[in-house]
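Asker: The file below is model18.tsv, TSV, C-alpha atoms and all ligand atoms:
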chain	number	residue	atom	x	y	z
A	1	MET	CA	-1.64	15.65	23.35
A	2	SER	CA	-0.09	18.26	21.04
A	3	ALA	CA	-2.02	20.69	18.80
A	4	SER	CA	-0.19	19.48	15.65
A	5	LYS	CA	-1.51	16.45	13.76
A	6	LEU	CA	-1.21	13.16	15.62
A	7	LYS	CA	1.01	10.38	14.28
A	8	VAL	CA	-0.28	6.83	14.80
A	9	THR	CA	1.78	3.63	15.11
A	10	VAL	CA	0.19	0.19	15.34
A	11	ILE	CA	2.52	-2.19	17.19
A	12	GLY	CA	1.63	-5.64	15.86
A	13	SER	CA	0.49	-6.96	12.50
A	14	GLY	CA	-1.23	-10.29	13.05
A	15	ASN	CA	-4.84	-11.00	12.14
A	16	TRP	CA	-6.28	-8.31	14.44
A	17	GLY	CA	-3.27	-5.97	14.17
A	18	SER	CA	-3.69	-5.79	10.39
A	19	SER	CA	-7.46	-5.43	10.56
A	20	ILE	CA	-7.30	-2.60	13.09
A	21	ALA	CA	-4.50	-0.84	11.18
A	22	ARG	CA	-6.97	-0.73	8.27
A	23	VAL	CA	-9.66	0.85	10.50
A	24	CYS	CA	-7.16	3.45	11.75
A	25	ALA	CA	-5.99	4.17	8.21
A	26	GLN	CA	-9.59	4.91	7.11
A	27	ASN	CA	-10.06	7.25	10.06
A	28	THR	CA	-6.76	9.12	9.70
A	29	ILE	CA	-7.97	10.03	6.20
A	30	LYS	CA	-11.48	10.90	7.41
A	31	HIS	CA	-10.18	13.04	10.29
A	32	SER	CA	-7.23	14.54	8.47
A	33	ASP	CA	-7.54	17.68	10.62
A	34	VAL	CA	-6.62	15.57	13.68
A	35	PHE	CA	-4.30	12.82	12.40
A	36	GLU	CA	-1.37	12.45	10.02
A	37	GLN	CA	-2.70	10.21	7.24
A	38	GLU	CA	0.13	7.70	7.35
A	39	VAL	CA	-0.33	4.82	9.82
A	40	ARG	CA	2.90	3.03	10.64
A	41	MET	CA	2.58	-0.67	11.48
A	42	TRP	CA	5.36	-2.63	13.17
A	43	VAL	CA	5.73	-6.05	11.57
A	44	PHE	CA	7.58	-8.94	13.25
A	45	GLU	CA	9.64	-9.67	10.14
A	46	GLU	CA	9.46	-13.01	8.41
A	47	GLU	CA	10.01	-14.34	4.90
A	48	ILE	CA	7.21	-15.55	2.67
A	49	ASP	CA	8.45	-17.48	-0.40
A	50	GLY	CA	11.84	-15.81	-0.06
A	51	LYS	CA	10.49	-12.25	0.23
A	52	LYS	CA	10.22	-10.06	3.32
A	53	LEU	CA	6.68	-9.66	4.67
A	54	THR	CA	7.18	-5.90	5.14
A	55	GLU	CA	8.13	-5.52	1.46
A	56	ILE	CA	5.08	-7.51	0.37
A	57	ILE	CA	2.77	-5.39	2.57
A	58	ASN	CA	4.26	-2.13	1.29
A	59	GLU	CA	3.99	-3.22	-2.36
A	60	LYS	CA	0.59	-4.99	-2.32
A	61	HIS	CA	-1.03	-3.18	0.66
A	62	GLU	CA	-2.05	-6.59	1.91
A	63	ASN	CA	-0.82	-8.76	4.79
A	64	VAL	CA	-0.77	-11.95	2.73
A	65	LYS	CA	0.01	-14.16	5.73
A	66	TYR	CA	-2.20	-12.85	8.55
A	67	LEU	CA	-5.08	-11.10	6.74
A	68	PRO	CA	-5.07	-12.37	3.14
A	69	GLY	CA	-7.40	-10.91	0.54
A	70	ILE	CA	-7.93	-7.57	2.31
A	71	ASN	CA	-6.55	-4.22	1.12
A	72	LEU	CA	-5.16	-2.41	4.16
A	73	GLY	CA	-5.08	1.01	2.48
A	74	ASP	CA	-2.21	2.80	0.75
A	75	ASN	CA	-1.49	4.82	3.90
A	76	VAL	CA	-0.51	1.78	6.04
A	77	VAL	CA	3.28	1.50	6.03
A	78	ALA	CA	4.94	-1.67	7.33
A	79	ILE	CA	8.17	-1.19	9.33
A	80	PRO	CA	10.36	-4.09	10.54
A	81	ASP	CA	12.23	-2.21	13.31
A	82	VAL	CA	9.95	-1.61	16.29
A	83	ARG	CA	12.05	1.27	17.68
A	84	GLU	CA	12.04	2.96	14.28
A	85	SER	CA	8.26	2.48	13.97
A	86	VAL	CA	7.45	4.56	17.07
A	87	LYS	CA	9.76	7.53	16.40
A	88	GLY	CA	7.77	10.76	16.78
A	89	ALA	CA	4.50	8.86	17.34
A	90	ASN	CA	1.72	10.44	19.41
A	91	ILE	CA	-0.55	7.37	19.56
A	92	LEU	CA	0.69	3.82	20.09
A	93	VAL	CA	-1.79	1.01	19.41
A	94	PHE	CA	-0.54	-2.18	21.08
A	95	VAL	CA	-2.00	-5.26	19.39
A	96	LEU	CA	0.22	-8.25	20.03
A	97	PRO	CA	-0.30	-11.79	21.34
A	98	HIS	CA	0.03	-11.28	25.09
A	99	GLN	CA	3.09	-13.52	25.47
A	100	PHE	CA	5.24	-11.04	23.43
A	101	VAL	CA	4.14	-7.73	24.94
A	102	TYR	CA	6.54	-7.41	27.83
A	103	LYS	CA	9.68	-7.88	25.69
A	104	VAL	CA	8.49	-5.45	23.03
A	105	CYS	CA	7.59	-2.78	25.61
A	106	GLU	CA	10.94	-3.15	27.34
A	107	SER	CA	12.70	-2.56	24.02
A	108	LEU	CA	10.78	0.73	23.64
A	109	ARG	CA	11.46	2.06	27.14
A	110	ASP	CA	14.07	4.65	26.09
A	111	VAL	CA	12.55	5.79	22.76
A	112	ILE	CA	9.03	6.79	23.79
A	113	PRO	CA	8.61	10.50	24.49
A	114	LYS	CA	6.92	11.09	27.87
A	115	GLU	CA	4.97	14.06	26.45
A	116	ASN	CA	2.46	14.21	23.62
A	117	CYS	CA	2.27	10.46	23.46
A	118	THR	CA	-0.48	8.13	24.64
A	119	ALA	CA	-1.19	4.43	24.12
A	120	ILE	CA	-4.07	2.01	23.82
A	121	SER	CA	-3.90	-1.74	24.38
A	122	LEU	CA	-5.94	-4.14	22.22
A	123	ILE	CA	-4.26	-7.14	23.85
A	124	LYS	CA	-6.50	-9.91	25.21
A	125	GLY	CA	-4.64	-11.48	28.10
A	126	LEU	CA	-3.24	-10.63	31.51
A	127	ASP	CA	0.42	-9.97	32.25
A	128	TYR	CA	1.65	-12.99	34.26
A	129	LYS	CA	4.65	-12.05	36.39
A	130	ASN	CA	5.96	-13.57	39.66
A	131	ASN	CA	2.79	-15.61	39.89
A	132	ASN	CA	0.69	-12.48	39.73
A	133	LEU	CA	-1.79	-11.44	37.06
A	134	LEU	CA	-1.56	-7.80	36.06
A	135	ILE	CA	-3.55	-5.54	33.76
A	136	PHE	CA	-1.64	-4.86	30.52
A	137	SER	CA	-2.58	-1.20	30.14
A	138	GLU	CA	-1.27	-0.55	33.65
A	139	GLU	CA	1.98	-2.41	32.96
A	140	ILE	CA	2.48	-0.48	29.70
A	141	GLU	CA	1.95	2.75	31.67
A	142	LYS	CA	4.56	1.67	34.22
A	143	ILE	CA	7.17	0.65	31.64
A	144	LEU	CA	6.73	3.56	29.23
A	145	GLY	CA	5.57	6.33	31.61
A	146	ILE	CA	2.61	7.35	29.41
A	147	HIS	CA	-1.18	6.90	29.72
A	148	CYS	CA	-2.60	3.70	28.27
A	149	ALA	CA	-6.28	3.06	27.52
A	150	ALA	CA	-7.73	-0.28	26.34
A	151	LEU	CA	-10.03	-1.49	23.54
A	152	SER	CA	-11.79	-4.86	23.56
A	153	GLY	CA	-15.02	-6.25	22.12
A	154	ALA	CA	-16.81	-8.87	20.07
A	155	ASN	CA	-14.38	-8.37	17.22
A	156	ILE	CA	-13.39	-11.30	15.06
A	157	ALA	CA	-10.72	-9.67	12.93
A	158	SER	CA	-11.76	-10.99	9.53
A	159	GLU	CA	-15.36	-9.80	10.05
A	160	VAL	CA	-14.18	-6.29	10.95
A	161	ALA	CA	-11.91	-6.33	7.87
A	162	GLU	CA	-14.94	-7.26	5.73
A	163	GLU	CA	-16.78	-4.30	7.28
A	164	GLN	CA	-19.55	-6.44	8.77
A	165	PHE	CA	-21.26	-4.47	11.53
A	166	GLY	CA	-19.98	-4.98	15.09
A	167	GLU	CA	-19.44	-3.12	18.33
A	168	THR	CA	-16.43	-2.54	20.53
A	169	THR	CA	-15.63	-0.97	23.90
A	170	ILE	CA	-12.87	1.49	24.78
A	171	ALA	CA	-11.98	2.13	28.42
A	172	CYS	CA	-9.86	5.05	29.54
A	173	ARG	CA	-9.27	7.26	32.56
A	174	ASP	CA	-8.98	10.54	30.67
A	175	PRO	CA	-12.18	11.58	28.76
A	176	LYS	CA	-10.04	13.74	26.39
A	177	ASP	CA	-8.13	10.63	25.31
A	178	GLY	CA	-11.52	8.92	24.91
A	179	GLU	CA	-12.56	11.55	22.32
A	180	THR	CA	-9.36	11.06	20.33
A	181	PHE	CA	-9.63	7.27	20.40
A	182	PHE	CA	-13.27	7.47	19.34
A	183	LYS	CA	-12.16	9.38	16.23
A	184	LEU	CA	-9.38	6.89	15.53
A	185	PHE	CA	-11.51	3.73	15.83
A	186	HIS	CA	-15.22	4.47	15.32
A	187	THR	CA	-16.72	3.80	11.87
A	188	ASP	CA	-20.23	3.07	10.66
A	189	TYR	CA	-19.44	-0.67	10.79
A	190	PHE	CA	-17.26	-0.59	13.96
A	191	ASP	CA	-19.35	1.03	16.66
A	192	VAL	CA	-17.34	2.31	19.63
A	193	ASN	CA	-18.65	2.88	23.16
A	194	VAL	CA	-16.31	4.57	25.66
A	195	ILE	CA	-16.42	3.56	29.35
A	196	GLY	CA	-14.21	4.10	32.40
A	197	ASP	CA	-13.68	0.55	33.76
A	198	TRP	CA	-10.35	-0.39	32.14
A	199	ARG	CA	-9.71	-3.24	34.57
A	200	GLY	CA	-13.08	-4.91	34.01
A	201	LEU	CA	-12.69	-4.58	30.24
A	202	GLN	CA	-9.29	-6.29	30.24
A	203	VAL	CA	-10.35	-9.04	32.66
A	204	CYS	CA	-13.21	-9.87	30.26
A	205	GLY	CA	-10.91	-9.90	27.21
A	206	ALA	CA	-8.48	-12.31	28.86
A	207	LEU	CA	-10.84	-14.76	30.57
A	208	LYS	CA	-13.35	-15.19	27.73
A	209	ASN	CA	-10.57	-17.02	25.87
A	210	ILE	CA	-10.53	-19.75	28.56
A	211	VAL	CA	-14.32	-20.12	28.36
A	212	ALA	CA	-13.96	-20.42	24.56
A	213	LEU	CA	-11.75	-23.48	25.09
A	214	GLY	CA	-14.62	-24.92	27.15
A	215	ALA	CA	-17.05	-24.23	24.31
A	216	GLY	CA	-14.61	-25.96	21.93
A	217	ILE	CA	-14.43	-29.00	24.24
A	218	CYS	CA	-18.25	-29.21	24.09
A	219	ASP	CA	-18.18	-29.00	20.29
A	220	GLY	CA	-15.42	-31.62	20.11
A	221	LEU	CA	-17.63	-33.95	22.17
A	222	LYS	CA	-20.65	-33.08	19.99
A	223	TYR	CA	-22.60	-31.82	22.99
A	224	GLY	CA	-25.75	-29.83	22.27
A	225	ASN	CA	-26.38	-26.11	22.43
A	226	ASN	CA	-27.88	-26.23	25.92
A	227	THR	CA	-24.68	-27.66	27.39
A	228	LYS	CA	-22.54	-25.11	25.55
A	229	SER	CA	-24.80	-22.32	26.83
A	230	ALA	CA	-24.33	-23.60	30.39
A	231	VAL	CA	-20.55	-23.37	29.90
A	232	ILE	CA	-20.90	-19.82	28.55
A	233	ARG	CA	-23.18	-18.70	31.41
A	234	ARG	CA	-21.03	-20.22	34.12
A	235	GLY	CA	-17.97	-18.83	32.42
A	236	LEU	CA	-19.48	-15.36	32.57
A	237	VAL	CA	-20.25	-15.78	36.28
A	238	GLU	CA	-16.67	-16.90	36.98
A	239	MET	CA	-15.26	-14.03	34.88
A	240	ARG	CA	-17.13	-11.48	36.96
A	241	LYS	CA	-16.20	-13.20	40.23
A	242	PHE	CA	-12.53	-13.31	39.19
A	243	GLY	CA	-12.56	-9.61	38.32
A	244	LYS	CA	-14.25	-8.55	41.53
A	245	THR	CA	-12.10	-10.85	43.72
A	246	PHE	CA	-8.68	-9.97	42.34
A	247	PHE	CA	-8.96	-6.58	40.63
A	248	GLY	CA	-11.04	-4.48	43.01
A	249	ASP	CA	-13.22	-1.89	41.37
A	250	VAL	CA	-14.57	-3.94	38.44
A	251	HIS	CA	-18.12	-2.91	37.44
A	252	THR	CA	-20.92	-5.40	36.74
A	253	GLU	CA	-22.14	-3.09	33.92
A	254	THR	CA	-18.90	-3.75	32.01
A	255	PHE	CA	-20.00	-7.38	31.53
A	256	PHE	CA	-23.00	-6.11	29.51
A	257	GLU	CA	-20.80	-4.14	27.09
A	258	SER	CA	-19.39	-5.51	23.84
A	259	CYS	CA	-16.18	-6.37	25.76
A	260	GLY	CA	-18.22	-8.61	28.10
A	261	VAL	CA	-21.07	-10.87	27.15
A	262	ALA	CA	-20.94	-10.05	23.41
A	263	ASP	CA	-17.26	-10.98	23.12
A	264	LEU	CA	-17.90	-14.17	25.06
A	265	ILE	CA	-20.67	-15.16	22.64
A	266	THR	CA	-18.72	-14.35	19.47
A	267	THR	CA	-15.57	-16.14	20.69
A	268	CYS	CA	-17.50	-19.24	21.75
A	269	ALA	CA	-19.27	-19.29	18.37
A	270	GLY	CA	-16.58	-18.38	15.85
A	271	GLY	CA	-13.19	-17.81	17.49
A	272	ARG	CA	-9.86	-19.59	17.05
A	273	ASN	CA	-9.74	-20.83	20.67
A	274	ARG	CA	-13.05	-22.64	20.23
A	275	LYS	CA	-12.08	-24.08	16.85
A	276	VAL	CA	-8.67	-25.40	17.93
A	277	ALA	CA	-9.99	-26.80	21.24
A	278	ALA	CA	-12.68	-28.75	19.33
A	279	ALA	CA	-10.01	-30.20	17.01
A	280	PHE	CA	-7.84	-31.05	20.05
A	281	ILE	CA	-10.64	-33.14	21.54
A	282	LYS	CA	-11.28	-34.95	18.24
A	283	SER	CA	-7.60	-35.63	17.40
A	284	GLY	CA	-6.05	-36.34	20.80
A	285	LYS	CA	-2.84	-34.50	19.72
A	286	PRO	CA	-1.28	-31.85	22.02
A	287	ILE	CA	-3.00	-28.49	21.66
A	288	GLU	CA	0.26	-26.74	20.61
A	289	GLU	CA	0.60	-29.16	17.68
A	290	ILE	CA	-2.98	-28.52	16.51
A	291	GLU	CA	-2.44	-24.75	16.90
A	292	LYS	CA	0.54	-24.93	14.52
A	293	GLU	CA	-1.32	-27.11	12.03
A	294	MET	CA	-4.48	-25.01	11.94
A	295	LEU	CA	-3.44	-21.38	12.48
A	296	ASN	CA	-0.50	-20.68	10.12
A	297	GLY	CA	1.44	-18.59	12.69
A	298	GLN	CA	-1.54	-17.03	14.46
A	299	LYS	CA	-1.44	-17.52	18.22
A	300	LEU	CA	-4.03	-18.86	20.63
A	301	GLN	CA	-4.43	-16.75	23.75
A	302	GLY	CA	-6.76	-19.01	25.75
A	303	THR	CA	-4.20	-21.80	26.25
A	304	THR	CA	-1.53	-19.59	27.85
A	305	THR	CA	-4.14	-17.68	29.85
A	306	SER	CA	-5.67	-20.95	31.09
A	307	GLN	CA	-2.27	-22.07	32.43
A	308	GLU	CA	-1.54	-18.68	33.98
A	309	VAL	CA	-4.93	-18.45	35.69
A	310	TYR	CA	-4.71	-22.04	36.97
A	311	HIS	CA	-1.24	-21.50	38.51
A	312	PHE	CA	-2.36	-18.18	39.98
A	313	LEU	CA	-5.44	-19.83	41.57
A	314	SER	CA	-3.71	-22.97	42.79
A	315	SER	CA	-0.96	-21.00	44.52
A	316	ARG	CA	-3.77	-19.23	46.43
A	317	ASN	CA	-5.66	-22.47	47.13
A	318	MET	CA	-8.63	-21.16	45.20
A	319	THR	CA	-9.13	-23.55	42.28
A	320	GLN	CA	-12.36	-24.85	43.86
A	321	ASP	CA	-13.80	-21.31	43.72
A	322	PHE	CA	-13.48	-21.29	39.91
A	323	PRO	CA	-14.56	-24.85	39.00
A	324	LEU	CA	-15.18	-24.29	35.29
A	325	MET	CA	-11.84	-22.61	34.58
A	326	THR	CA	-10.13	-25.33	36.63
A	327	ALA	CA	-11.94	-28.16	34.79
A	328	ILE	CA	-10.99	-26.63	31.41
A	329	TYR	CA	-7.32	-26.40	32.42
A	330	ARG	CA	-7.31	-30.04	33.56
A	331	VAL	CA	-8.75	-31.25	30.26
A	332	MET	CA	-6.25	-29.21	28.25
A	333	TYR	CA	-3.12	-29.94	30.33
A	334	GLU	CA	-3.63	-32.75	32.85
A	335	ASN	CA	-5.23	-35.42	30.66
A	336	ALA	CA	-8.53	-35.13	32.53
A	337	SER	CA	-11.25	-36.73	30.42
A	338	PRO	CA	-13.09	-34.16	28.26
A	339	GLU	CA	-16.37	-35.51	29.68
A	340	SER	CA	-15.27	-34.25	33.12
A	341	ILE	CA	-16.54	-30.85	31.90
A	342	ALA	CA	-20.08	-32.31	31.85
A	343	LEU	CA	-19.56	-33.95	35.23
A	344	ASP	CA	-18.38	-30.64	36.62
A	345	LEU	CA	-21.52	-28.91	35.30
A	346	ARG	CA	-23.71	-31.52	37.00
A	347	THR	CA	-21.95	-31.45	40.36
A	348	HIS	CA	-21.11	-27.75	40.85
A	349	HIS	CA	-24.04	-25.43	41.20
A	350	VAL	CA	-23.11	-21.84	40.57
A	351	LYS	CA	-24.64	-19.12	42.67
A	352	VAL	CA	-24.77	-15.65	41.12
A	353	GLU	CA	-23.56	-13.30	43.84
A	401	LIG	N1	-7.61	-12.16	15.65
A	401	LIG	C1	-8.72	-11.70	16.22
A	401	LIG	O1	-9.85	-11.92	15.73
A	401	LIG	C2	-8.62	-10.83	17.45
A	401	LIG	C3	-9.68	-9.99	17.76
A	401	LIG	C4	-9.62	-9.19	18.89
A	401	LIG	C5	-8.47	-9.22	19.68
A	401	LIG	N2	-7.44	-10.02	19.35
A	401	LIG	C6	-6.23	-9.96	20.22
A	401	LIG	O2	-5.24	-9.20	19.56
A	401	LIG	C7	-3.93	-9.62	19.99
A	401	LIG	C8	-3.08	-9.86	18.77
A	401	LIG	O3	-3.62	-10.93	18.02
A	401	LIG	P1	-3.57	-11.02	16.44
A	401	LIG	O4	-4.80	-11.77	16.04
A	401	LIG	O5	-3.34	-9.69	15.80
A	401	LIG	O6	-2.26	-11.92	16.19
A	401	LIG	P2	-2.14	-13.33	15.45
A	401	LIG	O7	-2.37	-14.41	16.42
A	401	LIG	O8	-2.96	-13.33	14.21
A	401	LIG	O9	-0.65	-13.35	14.92
A	401	LIG	C9	0.48	-13.59	15.71
A	401	LIG	C10	1.39	-12.38	15.57
A	401	LIG	O10	2.53	-12.55	16.46
A	401	LIG	C11	3.68	-12.16	15.75
A	401	LIG	N3	4.85	-12.79	16.38
A	401	LIG	C12	5.30	-14.06	16.26
A	401	LIG	N4	6.40	-14.22	17.02
A	401	LIG	C13	6.63	-13.03	17.64
A	401	LIG	C14	7.60	-12.58	18.56
A	401	LIG	N5	8.56	-13.38	19.02
A	401	LIG	N6	7.52	-11.29	19.00
A	401	LIG	C15	6.54	-10.47	18.58
A	401	LIG	N7	5.58	-10.84	17.70
A	401	LIG	C16	5.63	-12.12	17.24
A	401	LIG	C17	3.42	-12.62	14.34
A	401	LIG	O11	4.27	-11.96	13.44
A	401	LIG	C18	1.97	-12.20	14.18
A	401	LIG	O12	1.90	-10.84	13.81
A	401	LIG	C19	-4.18	-10.86	20.87
A	401	LIG	O13	-4.13	-10.50	22.23
A	401	LIG	C20	-5.59	-11.31	20.50
A	401	LIG	O14	-6.27	-11.97	21.56
A	401	LIG	C21	-7.47	-10.82	18.25
A	402	LIG	O1	-10.16	-16.04	17.65
A	402	LIG	P1	-10.06	-15.84	19.13
A	402	LIG	O2	-10.60	-17.01	19.91
A	402	LIG	O3	-8.66	-15.43	19.54
A	402	LIG	O4	-11.04	-14.61	19.47
A	402	LIG	C1	-10.98	-13.49	18.65
A	402	LIG	C2	-11.55	-12.26	19.30
A	402	LIG	O5	-10.99	-12.04	20.56
A	402	LIG	C3	-13.05	-12.23	19.32
A	402	LIG	O6	-13.49	-10.98	19.82
Now, as a test, write the supplied structure out as structure tokens.
Ligand SMILES: NC(=O)c1ccc[n+]([C@@H]2O[C@H](COP(=O)([O-])OP(=O)(O)OC[C@H]3O[C@@H](n4cnc5c(N)ncnc54)[C@H](O)[C@@H]3O)[C@@H](O)[C@H]2O)c1
Ligand SMILES: O=P(O)(O)OC[C@H](O)CO
Answerer:
Amino acid sequence: MSASKLKVTVIGSGNWGSSIARVCAQNTIKHSDVFEQEVRMWVFEEEIDGKKLTEIINEKHENVKYLPGINLGDNVVAIPDVRESVKGANILVFVLPHQFVYKVCESLRDVIPKENCTAISLIKGLDYKNNNLLIFSEEIEKILGIHCAALSGANIASEVAEEQFGETTIACRDPKDGETFFKLFHTDYFDVNVIGDWRGLQVCGALKNIVALGAGICDGLKYGNNTKSAVIRRGLVEMRKFGKTFFGDVHTETFFESCGVADLITTCAGGRNRKVAAAFIKSGKPIEEIEKEMLNGQKLQGTTTSQEVYHFLSSRNMTQDFPLMTAIYRVMYENASPESIALDLRTHHVKVE
């Protein structure tokens, strides 16, 4: 990266996008020798009561739709044109629902400088293309021709925005980039640990969202804590098996980082996937309808990932090797009875390999 001050753009402005832009904006002020203070944030434009969301953010310093009640900092600037938002940027922070990433990246292909620019992906999901599941940071690298690290952890956005203590994990190939990202993200309430296993980190971030649907199904059925813990444990075993089977050099240690077991616990306790899946079981309405009713434009990631993983596994004749993820998919999308989750727990005994 260049010796002059680094310019940061956050690409995305949902619940987590806004919360992390706030963290970056605190750190660009704290490390003003390293970073330009202004943090640009690309906003997918929409109107709120007849007024543009970007204008509201720039006037009130608050994302009234996706992170209400939180001051983002005067140095966060909302920009509606994504190509404009990245001009001259040295650090790109990708934080979008995974279903929109590919299109946004493609639109940036010819405006990203190949030198003095690096990226980091905060996306929780896998890139589903031609019935293959790919790692987002690697796809961003391929499309844009720059390095891309990844950040993932037990990070419910509103809690980070309230500065409640939590941890996160950053994974990158280049230790120099790791030092810069540490400065951009670490605070006394947001504790960063840097590791090397970017594939393991992103597999965890994607698959924990499916397990969270399973936890929500248990809550919807009013099952007890022991049953939910069994879902979480078996989910963790399947997550590791999936990583090691399909993504090669995934380290077991990664599953003990914030991006692993801690994220699984927090998502299954307090995440949106859990909450909406529980309401789905109670109401009997399609999950997409409940998502719209409950989330005010925020997007579930577990539902899409569950479908992608199921199609990926079934085309390889491997659904029986991942019985929990398969049972969750069937409850969500094939009208299998929610209680089949409990039956599955009783009849499949999971061996930790
Ligand atoms: N919210 C959290 O607590 C949290 C925490 C950690 C990681 N994450 C991950 O961060 C990523 C982003 O999630 P989020 O919570 O910031 O978003 P969100 O679900 O709160 O909001 C959805 C966002 O998508 C945007 N959008 C809608 N249609 C679009 C389109 N066609 N193209 C591009 N953007 C569009 C909306 O403007 C909004 O900014 C996800 O992968 C999520 O799993 C979220
Ligand atoms: O609200 P969820 O279920 O999308 O989970 C949010 C975060 O990923 C928790 O770390």
Asker: Could you list, as an NGL selection string, all the residues within 6 Å of ligand LIG 402 (chain A), counting only C-alpha atoms and all ligand atoms?
Answerer: :A and (153-156 or 209 or 263 or 267 or 271-273 or 300)
Asker: For Val43 of chain A, please output as a list of chain:residue names all residues within 8 Å (counting all atoms listed in the file; exclusion window: fewer than 5 positions along the same chain).
Answerer: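 Non-adjacent residues within range: A:Ile11, A:Gly12, A:Ser13, A:Leu53, A:Thr54, A:Ala78, A:Ile79, A:Pro80, A:Asp81, A:Val82.
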Asker: With a distance cut-off of 9 Å and only C-alpha atoms, select the neighbouring residues of Arg199 of chain A, excluding the residue or stretch itself and same-chain residues fewer than 6 positions from it, and output the selection as a PyMOL selection string.
Answerer: chain A and resi 135+137-138+150+171+243+247-251
Asker: If I put a ball of radius 9 Å at (-6.8, -1.1, 8.8) in the file's coordinates, which residues poke into it when counting all atoms listed in the file, written as a PDB file with C-alpha atoms, in the coordinates of the input?
Answerer:
ATOM      1  CA  GLY A  17      -3.270  -5.970  14.170  1.00  0.00           C
ATOM      2  CA  SER A  18      -3.690  -5.790  10.390  1.00  0.00           C
ATOM      3  CA  SER A  19      -7.460  -5.430  10.560  1.00  0.00           C
ATOM      4  CA  ILE A  20      -7.300  -2.600  13.090  1.00  0.00           C
ATOM      5  CA  ALA A  21      -4.500  -0.840  11.180  1.00  0.00           C
ATOM      6  CA  ARG A  22      -6.970  -0.730   8.270  1.00  0.00           C
ATOM      7  CA  VAL A  23      -9.660   0.850  10.500  1.00  0.00           C
ATOM      8  CA  CYS A  24      -7.160   3.450  11.750  1.00  0.00           C
ATOM      9  CA  ALA A  25      -5.990   4.170   8.210  1.00  0.00           C
ATOM     10  CA  GLN A  26      -9.590   4.910   7.110  1.00  0.00           C
ATOM     11  CA  VAL A  39      -0.330   4.820   9.820  1.00  0.00           C
ATOM     12  CA  ASN A  71      -6.550  -4.220   1.120  1.00  0.00           C
ATOM     13  CA  LEU A  72      -5.160  -2.410   4.160  1.00  0.00           C
ATOM     14  CA  GLY A  73      -5.080   1.010   2.480  1.00  0.00           C
ATOM     15  CA  VAL A  76      -0.510   1.780   6.040  1.00  0.00           C
ATOM     16  CA  ALA A 161     -11.910  -6.330   7.870  1.00  0.00           C
TER      17      ALA A 161
END
Asker: At most 12 Å from (-18.8, 0.7, 7.6), file frame, only C-alpha atoms: which residues, as an mmCIF file with C-alpha atoms, in the coordinates of the input?
Answerer:
data_model
loop_
_atom_site.group_PDB
_atom_site.id
_atom_site.type_symbol
_atom_site.label_atom_id
_atom_site.label_comp_id
_atom_site.auth_asym_id
_atom_site.auth_seq_id
_atom_site.Cartn_x
_atom_site.Cartn_y
_atom_site.Cartn_z
ATOM 1 C CA ARG A 22 -6.970 -0.730 8.270
ATOM 2 C CA VAL A 23 -9.660 0.850 10.500
ATOM 3 C CA GLN A 26 -9.590 4.910 7.110
ATOM 4 C CA ASN A 27 -10.060 7.250 10.060
ATOM 5 C CA GLU A 159 -15.360 -9.800 10.050
ATOM 6 C CA VAL A 160 -14.180 -6.290 10.950
ATOM 7 C CA ALA A 161 -11.910 -6.330 7.870
ATOM 8 C CA GLU A 162 -14.940 -7.260 5.730
ATOM 9 C CA GLU A 163 -16.780 -4.300 7.280
ATOM 10 C CA GLN A 164 -19.550 -6.440 8.770
ATOM 11 C CA PHE A 165 -21.260 -4.470 11.530
ATOM 12 C CA GLY A 166 -19.980 -4.980 15.090
ATOM 13 C CA GLU A 167 -19.440 -3.120 18.330
ATOM 14 C CA PHE A 185 -11.510 3.730 15.830
ATOM 15 C CA HIS A 186 -15.220 4.470 15.320
ATOM 16 C CA THR A 187 -16.720 3.800 11.870
ATOM 17 C CA ASP A 188 -20.230 3.070 10.660
ATOM 18 C CA TYR A 189 -19.440 -0.670 10.790
ATOM 19 C CA PHE A 190 -17.260 -0.590 13.960
ATOM 20 C CA ASP A 191 -19.350 1.030 16.660
#
Asker: What do you get as a PyMOL selection string if you pick all residues at most 6 Å from ligand LIG 401 (chain A), counting only C-alpha atoms and all ligand atoms?
Answerer: chain A and resi 12-17+44+66+95-98+100+122-125+155-157+297-299+301
Asker: Identify, on the basis of only C-alpha atoms, every residue whose closest approach to segment 324-333 of chain A does not exceed 10 Å; exclude the query and any residue fewer than 4 positions from it along the same chain; express the result as a PyMOL selection string.
Answerer: chain A and resi 207+210-215+217+231-232+234-235+237-239+277+280-281+286-287+302-303+305-311+313-314+318-320+337-345+348+350
Asker: For Ala278 of chain A, work out the shell of residues within 6 Å, counting only C-alpha atoms and skipping chain neighbours fewer than 5 positions away, then give it as a list in words.
Answerer: Gly216, Ile217, Asp219 and Gly220 of chain A
Asker: Expressed in Å to a single decimal, how great is the separation between atom CA of Ala149 of chain A and atom CA of Phe181 of chain A?
Answerer: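 It comes out at 8.9 Å.
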Asker: Rounded to one decimal in Å, what is the spacing between atom CA of Ile70 of chain A and atom CA of Lys87 of chain A?
Answerer: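 For atom CA of Ile70 of chain A relative to atom CA of Lys87 of chain A, the distance reads 27.2 Å.
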Asker: Tell me which protein, DNA and RNA residues are within 8 Å of Asp127 of chain A, counting all atoms listed in the file, leaving out same-chain ones fewer than 6 positions away, and put them as a PyMOL selection string.
Answerer: chain A and resi 98+102+133-136+139
Asker: Would you mind reading off the distance between atom CA of Lys228 of chain A and atom CA of Cys259 of chain A, one decimal, in Å?
Answerer: 19.8 Å
